[in-house]
>>> print(open('run33.tsv').read())   # TSV, C-alpha atoms
chain	number	residue	atom	x	y	z
I	1	MET	CA	0.00	0.00	0.00
I	2	GLY	CA	2.97	2.27	-0.40
I	3	LEU	CA	2.91	5.35	-2.62
I	4	LEU	CA	5.80	6.49	-4.79
I	5	GLY	CA	5.56	10.13	-3.73
I	6	GLU	CA	2.64	12.52	-3.70
I	7	ASP	CA	2.40	13.12	-7.47
I	8	CYS	CA	2.49	9.61	-8.82
I	9	VAL	CA	0.94	6.21	-8.23
I	10	VAL	CA	1.80	2.75	-9.42
I	11	LYS	CA	-0.57	1.43	-12.10
I	12	LYS	CA	-0.44	-1.64	-14.27
I	13	LEU	CA	-1.50	-0.81	-17.81
I	14	GLN	CA	-3.40	-3.30	-19.93
I	15	GLY	CA	-1.06	-5.31	-22.12
I	16	HIS	CA	2.01	-4.13	-20.21
I	17	PRO	CA	3.35	-6.40	-17.48
I	18	GLU	CA	5.73	-3.75	-16.23
I	19	MET	CA	4.79	-1.27	-13.52
I	20	GLU	CA	4.95	2.35	-14.57
I	21	ARG	CA	4.63	5.66	-12.82
I	22	VAL	CA	1.57	7.50	-14.05
I	23	PRO	CA	0.91	11.08	-12.98
I	24	VAL	CA	-2.07	11.48	-10.72
I	25	THR	CA	-4.89	13.45	-12.33
I	26	ASN	CA	-6.40	16.51	-10.70
I	27	GLU	CA	-9.57	14.51	-10.16
I	28	GLU	CA	-7.68	11.83	-8.21
I	29	LYS	CA	-5.91	14.45	-6.13
I	30	THR	CA	-9.20	16.13	-5.33
I	31	MET	CA	-10.82	12.83	-4.38
I	32	SER	CA	-7.90	11.97	-2.07
I	33	ALA	CA	-8.07	15.36	-0.38
I	34	ASN	CA	-11.85	15.09	-0.07
I	35	LEU	CA	-11.58	11.70	1.62
I	36	LYS	CA	-9.05	13.06	4.09
I	37	TYR	CA	-11.05	16.10	5.08
I	38	LEU	CA	-14.36	14.24	5.01
I	39	SER	CA	-13.00	11.69	7.49
I	40	LEU	CA	-11.65	14.48	9.70
I	41	GLY	CA	-14.97	16.30	9.55
I	42	ILE	CA	-16.91	13.19	10.52
I	43	LEU	CA	-14.47	12.67	13.40
I	44	VAL	CA	-15.17	16.19	14.71
I	45	PHE	CA	-18.92	15.52	14.57
I	46	GLN	CA	-18.61	12.09	16.18
I	47	THR	CA	-16.33	13.30	18.99
I	48	THR	CA	-18.50	16.31	19.80
I	49	SER	CA	-21.80	14.43	19.80
I	50	LEU	CA	-20.34	11.52	21.80
I	51	VAL	CA	-18.97	13.74	24.56
I	52	LEU	CA	-22.16	15.77	24.89
I	53	THR	CA	-24.58	12.83	24.81
I	54	MET	CA	-22.41	10.80	27.16
I	55	ARG	CA	-22.17	13.67	29.65
I	56	TYR	CA	-25.93	14.15	29.46
I	57	SER	CA	-26.63	10.43	29.90
I	58	ARG	CA	-24.35	10.24	32.97
I	59	THR	CA	-25.93	13.26	34.70
I	60	LEU	CA	-29.57	12.73	33.69
I	61	LYS	CA	-31.66	11.89	36.75
I	62	GLU	CA	-34.14	9.11	36.08
I	63	GLU	CA	-35.98	6.54	38.12
I	64	GLY	CA	-34.34	3.17	38.46
I	65	PRO	CA	-30.67	2.16	38.14
I	66	ARG	CA	-28.31	4.04	35.82
I	67	TYR	CA	-26.77	2.09	32.97
I	68	LEU	CA	-23.36	0.56	33.65
I	69	SER	CA	-20.53	2.14	31.70
I	70	SER	CA	-18.59	-1.15	31.71
I	71	THR	CA	-21.39	-2.94	29.85
I	72	ALA	CA	-21.73	-0.02	27.42
I	73	VAL	CA	-18.06	-0.43	26.48
I	74	VAL	CA	-18.58	-4.12	25.72
I	75	VAL	CA	-21.70	-3.51	23.63
I	76	ALA	CA	-19.85	-0.83	21.63
I	77	GLU	CA	-17.05	-3.31	20.88
I	78	VAL	CA	-19.55	-5.94	19.70
I	79	LEU	CA	-21.26	-3.40	17.42
I	80	LYS	CA	-17.86	-2.41	16.02
I	81	ILE	CA	-17.05	-6.06	15.25
I	82	MET	CA	-20.40	-6.51	13.49
I	83	ALA	CA	-19.86	-3.36	11.41
I	84	CYS	CA	-16.35	-4.43	10.39
I	85	ILE	CA	-17.51	-7.93	9.45
I	86	PHE	CA	-20.15	-6.32	7.23
I	87	LEU	CA	-17.49	-4.13	5.57
I	88	VAL	CA	-15.27	-7.17	4.97
I	89	TYR	CA	-18.34	-8.92	3.55
I	90	LYS	CA	-18.81	-6.05	1.09
I	91	ASP	CA	-15.12	-6.18	0.15
I	92	SER	CA	-15.58	-9.92	-0.44
I	93	LYS	CA	-18.19	-9.14	-3.14
I	94	CYS	CA	-21.01	-10.10	-0.75
I	95	SER	CA	-19.92	-13.75	-0.69
I	96	VAL	CA	-20.34	-15.60	2.60
I	97	ARG	CA	-17.84	-18.25	1.49
I	98	THR	CA	-15.22	-15.61	0.67
I	99	LEU	CA	-15.94	-13.85	3.98
I	100	ASN	CA	-15.37	-17.08	5.95
I	101	ARG	CA	-12.14	-17.74	4.06
I	102	VAL	CA	-10.83	-14.21	4.67
I	103	LEU	CA	-11.64	-14.31	8.39
I	104	HIS	CA	-10.09	-17.78	8.72
I	105	ASP	CA	-6.94	-16.93	6.76
I	106	GLU	CA	-6.34	-13.46	8.21
I	107	ILE	CA	-7.27	-14.08	11.85
I	108	LEU	CA	-7.22	-17.78	12.81
I	109	ASN	CA	-4.26	-18.74	10.61
I	110	LYS	CA	-2.18	-15.75	11.78
I	111	PRO	CA	-2.28	-16.01	15.58
I	112	MET	CA	0.86	-13.93	16.15
I	113	GLU	CA	-0.46	-11.10	13.97
I	114	THR	CA	-3.75	-11.26	15.87
I	115	LEU	CA	-2.03	-11.25	19.27
I	116	LYS	CA	-0.25	-8.01	18.39
I	117	LEU	CA	-3.59	-6.26	18.75
I	118	ALA	CA	-4.04	-7.39	22.35
I	119	ILE	CA	-1.86	-4.54	23.66
I	120	PRO	CA	-3.60	-1.58	21.99
I	121	SER	CA	-6.97	-3.26	22.51
I	122	GLY	CA	-6.45	-3.49	26.26
I	123	ILE	CA	-5.35	0.15	26.36
I	124	TYR	CA	-8.34	1.27	24.26
I	125	THR	CA	-10.71	-0.63	26.58
I	126	LEU	CA	-9.19	1.14	29.59
I	127	GLN	CA	-9.44	4.46	27.75
I	128	ASN	CA	-13.12	3.93	26.90
I	129	ASN	CA	-13.93	3.20	30.53
I	130	LEU	CA	-11.95	6.25	31.66
I	131	LEU	CA	-14.01	8.37	29.27
I	132	TYR	CA	-17.17	7.46	31.20
I	133	VAL	CA	-15.44	8.15	34.53
I	134	ALA	CA	-14.21	11.54	33.34
I	135	LEU	CA	-17.58	12.67	31.98
I	136	SER	CA	-19.30	11.56	35.16
I	137	ASN	CA	-17.10	14.00	37.07
I	138	LEU	CA	-16.31	16.84	34.63
I	139	ASP	CA	-18.40	19.09	32.42
I	140	ALA	CA	-18.10	18.49	28.67
I	141	ALA	CA	-16.05	21.62	27.96
I	142	THR	CA	-13.47	20.95	30.69
I	143	TYR	CA	-13.16	17.34	29.58
I	144	GLN	CA	-12.76	18.24	25.90
I	145	VAL	CA	-10.07	20.83	26.57
I	146	THR	CA	-8.04	18.75	29.01
I	147	TYR	CA	-8.25	15.71	26.75
I	148	GLN	CA	-6.43	17.63	24.02
I	149	LEU	CA	-3.19	16.93	25.88
I	150	LYS	CA	-3.32	13.65	23.95
I	151	ILE	CA	-2.20	15.60	20.88
I	152	LEU	CA	1.15	16.26	22.49
I	153	THR	CA	1.55	12.65	23.68
I	154	THR	CA	0.58	11.40	20.21
I	155	ALA	CA	3.17	13.67	18.58
I	156	LEU	CA	5.91	12.51	20.95
I	157	PHE	CA	5.04	8.82	20.46
I	158	SER	CA	4.92	9.37	16.67
I	159	VAL	CA	8.45	10.76	16.73
I	160	SER	CA	9.82	8.04	19.03
I	161	MET	CA	7.96	5.00	17.66
I	162	LEU	CA	7.39	5.82	13.98
I	163	GLY	CA	10.45	7.98	13.43
I	164	LYS	CA	8.38	10.86	12.09
I	165	LYS	CA	10.12	14.15	11.49
I	166	LEU	CA	8.16	17.16	12.62
I	167	GLY	CA	9.16	20.52	11.16
I	168	VAL	CA	9.71	23.75	13.05
I	169	TYR	CA	6.23	24.97	12.17
I	170	GLN	CA	4.68	21.73	13.41
I	171	TRP	CA	6.47	21.91	16.75
I	172	LEU	CA	5.50	25.56	17.05
I	173	SER	CA	1.88	24.65	16.30
I	174	LEU	CA	1.95	22.09	19.13
I	175	VAL	CA	3.21	24.75	21.55
I	176	ILE	CA	0.52	27.18	20.42
I	177	LEU	CA	-2.11	24.47	20.74
I	178	MET	CA	-1.04	23.69	24.30
I	179	ALA	CA	-1.13	27.40	25.13
I	180	GLY	CA	-4.63	27.60	23.69
I	181	VAL	CA	-5.71	24.61	25.76
I	182	ALA	CA	-4.26	26.25	28.88
I	183	PHE	CA	-6.18	29.48	28.21
I	184	VAL	CA	-9.41	27.64	27.57
I	185	GLN	CA	-9.25	25.80	30.88
I	186	TRP	CA	-8.09	28.87	32.81
I	187	PRO	CA	-10.35	28.99	35.90
I	188	SER	CA	-12.73	31.87	36.45
I	189	ASP	CA	-15.17	32.76	39.20
I	190	SER	CA	-18.19	31.96	37.03
I	191	GLN	CA	-16.77	28.59	36.01
I	192	GLU	CA	-15.91	27.64	39.58
I	193	LEU	CA	-19.42	28.61	40.72
I	194	ALA	CA	-21.03	26.60	37.92
I	195	SER	CA	-18.77	23.68	38.70
I	196	LYS	CA	-19.80	23.67	42.35
I	197	GLU	CA	-23.49	23.89	41.46
I	198	LEU	CA	-23.61	21.41	38.59
I	199	SER	CA	-20.83	18.89	39.18
I	200	THR	CA	-22.08	15.42	40.11
I	201	GLY	CA	-18.74	13.95	41.13
I	202	SER	CA	-15.13	14.56	42.02
I	203	GLN	CA	-13.15	17.03	39.89
I	204	PHE	CA	-9.89	15.32	40.95
I	205	VAL	CA	-11.12	11.87	39.88
I	206	GLY	CA	-12.24	13.28	36.55
I	207	LEU	CA	-8.92	15.05	36.00
I	208	MET	CA	-6.89	11.92	36.77
I	209	ALA	CA	-9.09	9.89	34.43
I	210	VAL	CA	-8.52	12.38	31.59
I	211	LEU	CA	-4.74	12.58	32.12
I	212	THR	CA	-4.44	8.79	32.14
I	213	ALA	CA	-6.55	8.60	29.00
I	214	CYS	CA	-4.27	11.15	27.29
I	215	PHE	CA	-1.18	8.96	27.66
I	216	SER	CA	-3.05	5.75	26.80
I	217	SER	CA	-4.61	7.39	23.72
I	218	GLY	CA	-1.26	8.65	22.44
I	219	PHE	CA	0.52	5.33	22.84
I	220	ALA	CA	-2.31	3.06	21.62
I	221	GLY	CA	-3.07	5.26	18.61
I	222	VAL	CA	0.53	5.35	17.39
I	223	TYR	CA	1.03	1.63	18.15
I	224	PHE	CA	-2.03	0.81	16.06
I	225	GLU	CA	-0.85	3.07	13.25
I	226	LYS	CA	2.55	1.33	13.32
I	227	ILE	CA	0.88	-2.08	13.00
I	228	LEU	CA	-1.34	-0.90	10.13
I	229	LYS	CA	1.63	0.42	8.19
I	230	GLU	CA	3.83	-2.64	8.77
I	231	THR	CA	1.31	-5.27	7.60
I	232	LYS	CA	-0.92	-5.78	4.58
I	233	GLN	CA	-4.05	-6.72	6.49
I	234	SER	CA	-7.02	-4.45	5.92
I	235	VAL	CA	-7.97	-1.89	8.54
I	236	TRP	CA	-11.33	-3.66	8.99
I	237	ILE	CA	-9.66	-6.98	9.79
I	238	ARG	CA	-7.48	-5.16	12.30
I	239	ASN	CA	-10.56	-3.61	13.90
I	240	ILE	CA	-12.21	-7.02	14.19
I	241	GLN	CA	-9.12	-8.20	16.05
I	242	LEU	CA	-9.19	-5.10	18.24
I	243	GLY	CA	-12.88	-5.59	18.98
I	244	PHE	CA	-12.38	-9.26	19.84
I	245	PHE	CA	-9.77	-8.53	22.49
I	246	GLY	CA	-11.67	-5.41	23.58
I	247	SER	CA	-14.78	-7.48	24.24
I	248	ILE	CA	-12.80	-9.97	26.32
I	249	PHE	CA	-11.08	-7.26	28.38
I	250	GLY	CA	-14.40	-5.42	28.69
I	251	LEU	CA	-16.23	-8.49	29.98
I	252	MET	CA	-13.45	-9.00	32.53
I	253	GLY	CA	-14.05	-5.43	33.69
I	254	VAL	CA	-17.79	-6.03	33.96
I	255	TYR	CA	-17.20	-9.14	36.09
I	256	VAL	CA	-14.65	-7.49	38.39
I	257	TYR	CA	-16.30	-4.11	38.95
I	258	ASP	CA	-20.01	-4.60	38.27
I	259	GLY	CA	-20.55	-8.35	38.61
I	260	GLU	CA	-22.95	-8.03	41.54
I	261	LEU	CA	-25.03	-5.32	39.89
I	262	VAL	CA	-25.28	-7.32	36.66
I	263	SER	CA	-26.41	-10.45	38.50
I	264	LYS	CA	-28.98	-8.38	40.39
I	265	ASN	CA	-30.46	-6.12	37.72
I	266	GLY	CA	-29.21	-7.57	34.42
I	267	PHE	CA	-26.58	-6.69	31.84
I	268	PHE	CA	-28.72	-4.03	30.15
I	269	GLN	CA	-30.01	-2.37	33.29
I	270	GLY	CA	-30.81	1.32	32.85
I	271	TYR	CA	-30.52	1.20	29.05
I	272	ASN	CA	-32.75	3.59	27.14
I	273	GLN	CA	-32.76	5.30	23.74
I	274	LEU	CA	-30.10	7.81	24.82
I	275	THR	CA	-27.85	5.02	26.08
I	276	TRP	CA	-28.01	3.26	22.72
I	277	ILE	CA	-27.15	6.51	20.94
I	278	VAL	CA	-24.05	6.83	23.14
I	279	VAL	CA	-23.06	3.20	22.47
I	280	VAL	CA	-23.50	3.54	18.70
I	281	LEU	CA	-21.48	6.79	18.65
I	282	GLN	CA	-18.69	5.12	20.61
I	283	ALA	CA	-18.65	2.15	18.23
I	284	LEU	CA	-18.62	4.54	15.26
I	285	GLY	CA	-15.62	6.33	16.77
I	286	GLY	CA	-13.36	3.35	16.29
I	287	LEU	CA	-14.27	3.07	12.61
I	288	VAL	CA	-13.91	6.81	11.99
I	289	ILE	CA	-10.50	6.86	13.67
I	290	ALA	CA	-9.44	3.91	11.52
I	291	ALA	CA	-10.43	5.85	8.41
I	292	VAL	CA	-8.58	8.95	9.63
I	293	ILE	CA	-5.43	6.92	10.27
I	294	LYS	CA	-5.74	5.50	6.74
I	295	TYR	CA	-6.28	8.81	4.96
I	296	ALA	CA	-4.47	11.20	7.32
I	297	ASP	CA	-2.47	10.44	10.48
I	298	ASN	CA	-2.78	10.41	14.25
I	299	ILE	CA	-1.64	14.00	14.82
I	300	LEU	CA	-4.10	15.37	12.27
I	301	LYS	CA	-6.72	13.27	14.03
I	302	GLY	CA	-5.85	15.03	17.26
I	303	PHE	CA	-6.08	18.46	15.68
I	304	ALA	CA	-9.48	17.66	14.18
I	305	THR	CA	-10.65	16.55	17.59
I	306	SER	CA	-9.38	19.79	19.14
I	307	LEU	CA	-11.73	21.74	16.87
I	308	SER	CA	-14.64	19.97	18.51
I	309	ILE	CA	-13.81	21.90	21.71
I	310	ILE	CA	-15.53	24.94	20.29
I	311	LEU	CA	-18.65	23.03	19.28
I	312	SER	CA	-18.75	21.15	22.58
I	313	THR	CA	-18.45	24.33	24.63
I	314	VAL	CA	-21.12	26.22	22.71
I	315	ILE	CA	-23.60	23.34	22.85
I	316	SER	CA	-22.66	22.61	26.46
I	317	TYR	CA	-23.45	26.22	27.35
I	318	PHE	CA	-26.85	26.31	25.64
I	319	TRP	CA	-27.98	22.70	26.14
I	320	LEU	CA	-26.30	21.17	29.21
I	321	GLN	CA	-25.83	24.59	30.85
I	322	ASP	CA	-22.84	23.35	32.85
I	323	PHE	CA	-20.22	25.72	31.43
I	324	VAL	CA	-19.91	29.51	31.22
I	325	PRO	CA	-17.46	30.64	28.48
I	326	THR	CA	-15.24	33.66	29.15
I	327	SER	CA	-13.06	36.00	27.10
I	328	VAL	CA	-10.06	33.90	28.09
I	329	PHE	CA	-11.78	30.86	26.62
I	330	PHE	CA	-12.32	32.64	23.29
I	331	LEU	CA	-8.63	33.64	23.24
I	332	GLY	CA	-7.67	30.01	23.73
I	333	ALA	CA	-10.09	28.89	21.02
I	334	ILE	CA	-8.50	31.31	18.54
I	335	LEU	CA	-5.05	29.90	19.39
I	336	VAL	CA	-6.32	26.35	18.85
I	337	ILE	CA	-7.70	27.24	15.41
I	338	ALA	CA	-4.48	29.08	14.50
I	339	ALA	CA	-2.46	26.03	15.51
I	340	THR	CA	-4.47	23.79	13.17
I	341	PHE	CA	-3.64	26.02	10.20
I	342	LEU	CA	0.02	26.35	11.22
I	343	TYR	CA	0.42	22.60	11.44
I	344	GLY	CA	-0.63	22.23	7.81
I	345	TYR	CA	1.69	25.00	6.60
I	346	ASP	CA	4.60	23.74	4.52
I	347	PRO	CA	7.27	26.27	3.48
I	348	LYS	CA	9.10	23.74	1.28
I	349	PRO	CA	8.80	23.83	-2.52
I	350	ALA	CA	6.06	21.61	-3.92
I	351	GLY	CA	8.60	19.41	-5.72
I	352	ASN	CA	10.35	18.25	-2.55
I	353	PRO	CA	8.86	15.14	-0.97
I	354	ILE	CA	8.10	15.44	2.71
I	355	LYS	CA	9.74	12.89	4.90
I	356	ALA	CA	7.17	11.39	7.22
>>> encode(input="run33.tsv", output="structure tokens")
Amino acid sequence: MGLLGEDCVVKKLQGHPEMERVPVTNEEKTMSANLKYLSLGILVFQTTSLVLTMRYSRTLKEEGPRYLSSTAVVVAEVLKIMACIFLVYKDSKCSVRTLNRVLHDEILNKPMETLKLAIPSGIYTLQNNLLYVALSNLDAATYQVTYQLKILTTALFSVSMLGKKLGVYQWLSLVILMAGVAFVQWPSDSQELASKELSTGSQFVGLMAVLTACFSSGFAGVYFEKILKETKQSVWIRNIQLGFFGSIFGLMGVYVYDGELVSKNGFFQGYNQLTWIVVVLQALGGLVIAAVIKYADNILKGFATSLSIILSTVISYFWLQDFVPTSVFFLGAILVIAATFLYGYDPKPAGNPIKA
């Protein structure tokens, strides 16, 4: 799946066994760019809606028991597996026989390749559970902003694990982004008052959950990207493997932490329409991230997610009413947006290939 530079692709012409470099047409370039930005745009939407609906579902007061976050994580993994199997089925020309052969050859017959996914899968499962813990204790805006620290951890892991070379402008954009994040979360009297009135849990527990998730997200994301780029297996097969281990680790978490509650009130206790929306959005997140990794990279994924801060804060203010934006917040938001444009700036001539 390697490309021979940005301006050419390898094509095999009819009647010619040799492989030749054929210039990419403007239409192909446009389609490639559209796929990249479409996937990033969908990621912004998915991240924003997931955070807001999850926060709302964890703070909504209803009669009866609240749904268990540990079971929601497992259900999301199962839905992700089902979606990926369907996508592999489509790639197999809608043939059940071909689907069975692909799953058998790529998963069962390659146990070592499959086991490689156990590490990032376990980390992702921990991260998904931490997300529920964080949003049970922090408002959506505070969570979104603090969680952007994963961009820095992702960049550092990309440099150390993938050998990526970040330019001066990219490093500067990371610094500006972190400054913007700091401004956005700068405490104010109105925010502290709203926090005291509306918070349903411990700010410290929520903060620790977010910080832990930042490091786990950075490492697991880059590790998964490294595996994708080193093997020829499709991203959907890899996600089936991730979901398989994620379901196992998730069920272990359900048994250890919520075993008594499940035996008493059932696995799907407290589930309602909003809960299923949250679960579907979480399952969709894994597929969207896979597409972003395929068409862009992990750092761009982080920047796209950072843009959802603005949407999350605005909607959180008008809908959840658990956050009061200030002038300092708007200053930080401007810095975040500026950082996204600076990251994409390339002062090199168009003819020079960029070393990843």
>>> residues_around(input="run33.tsv", residues="Ile309 of chain I", least_positions_apart="6", cutoff="9 Å", atoms="only C-alpha atoms", output="list in words")
Thr48, Ala140, Ala141, Gln144, Val145, Gln148 and Ala333 of chain I
>>> atom_distance(input="run33.tsv", atom1="atom CA of Ala76 of chain I", atom2="atom CA of Lys229 of chain I")
25.4 Å
>>> residues_around(input="run33.tsv", residues="Ala72 of chain I", least_positions_apart="3", cutoff="12 Å", atoms="only C-alpha atoms", output="JSON, numbers by chain")
{"I": [54, 57, 58, 66, 67, 68, 69, 75, 76, 77, 78, 79, 125, 128, 129, 131, 132, 247, 250, 251, 253, 254, 258, 267, 268, 269, 270, 271, 272, 274, 275, 276, 277, 278, 279, 280, 281, 282, 283]}
>>> residues_around(input="run33.tsv", residues="segment 113-116 of chain I", least_positions_apart="2", cutoff="9 Å", atoms="all atoms listed in the file", output="list in words")
Glu106, Ile107, Leu108, Lys110, Pro111, Ala118, Ile119, Pro120, Ile227, Thr231, Arg238, Gln241, Leu242 and Phe245 of chain I
>>> closest_residue(input="run33.tsv", among="I:Leu307, I:Leu40, I:Leu174, I:Leu117", to="Ile237 of chain I", atoms="only C-alpha atoms")
I:Leu117
>>> closest_residue(input="run33.tsv", among="I:Phe215, I:Phe45, I:Trp171, I:Trp319", to="Leu149 of chain I", atoms="all atoms listed in the file")
I:Phe215
>>> residues_around(input="run33.tsv", residues="Ala83 of chain I", least_positions_apart="5", cutoff="10 Å", atoms="only C-alpha atoms", output="list in words")
Glu77, Val78, Val88, Tyr89, Trp236, Asn239, Ile240, Ala283, Leu284 and Leu287 of chain I
>>> atom_distance(input="run33.tsv", atom1="atom CA of Leu135 of chain I", atom2="atom CA of Lys36 of chain I")
29.2 Å
>>> atom_distance(input="run33.tsv", atom1="atom CA of Val205 of chain I", atom2="atom CA of Leu138 of chain I")
8.9 Å
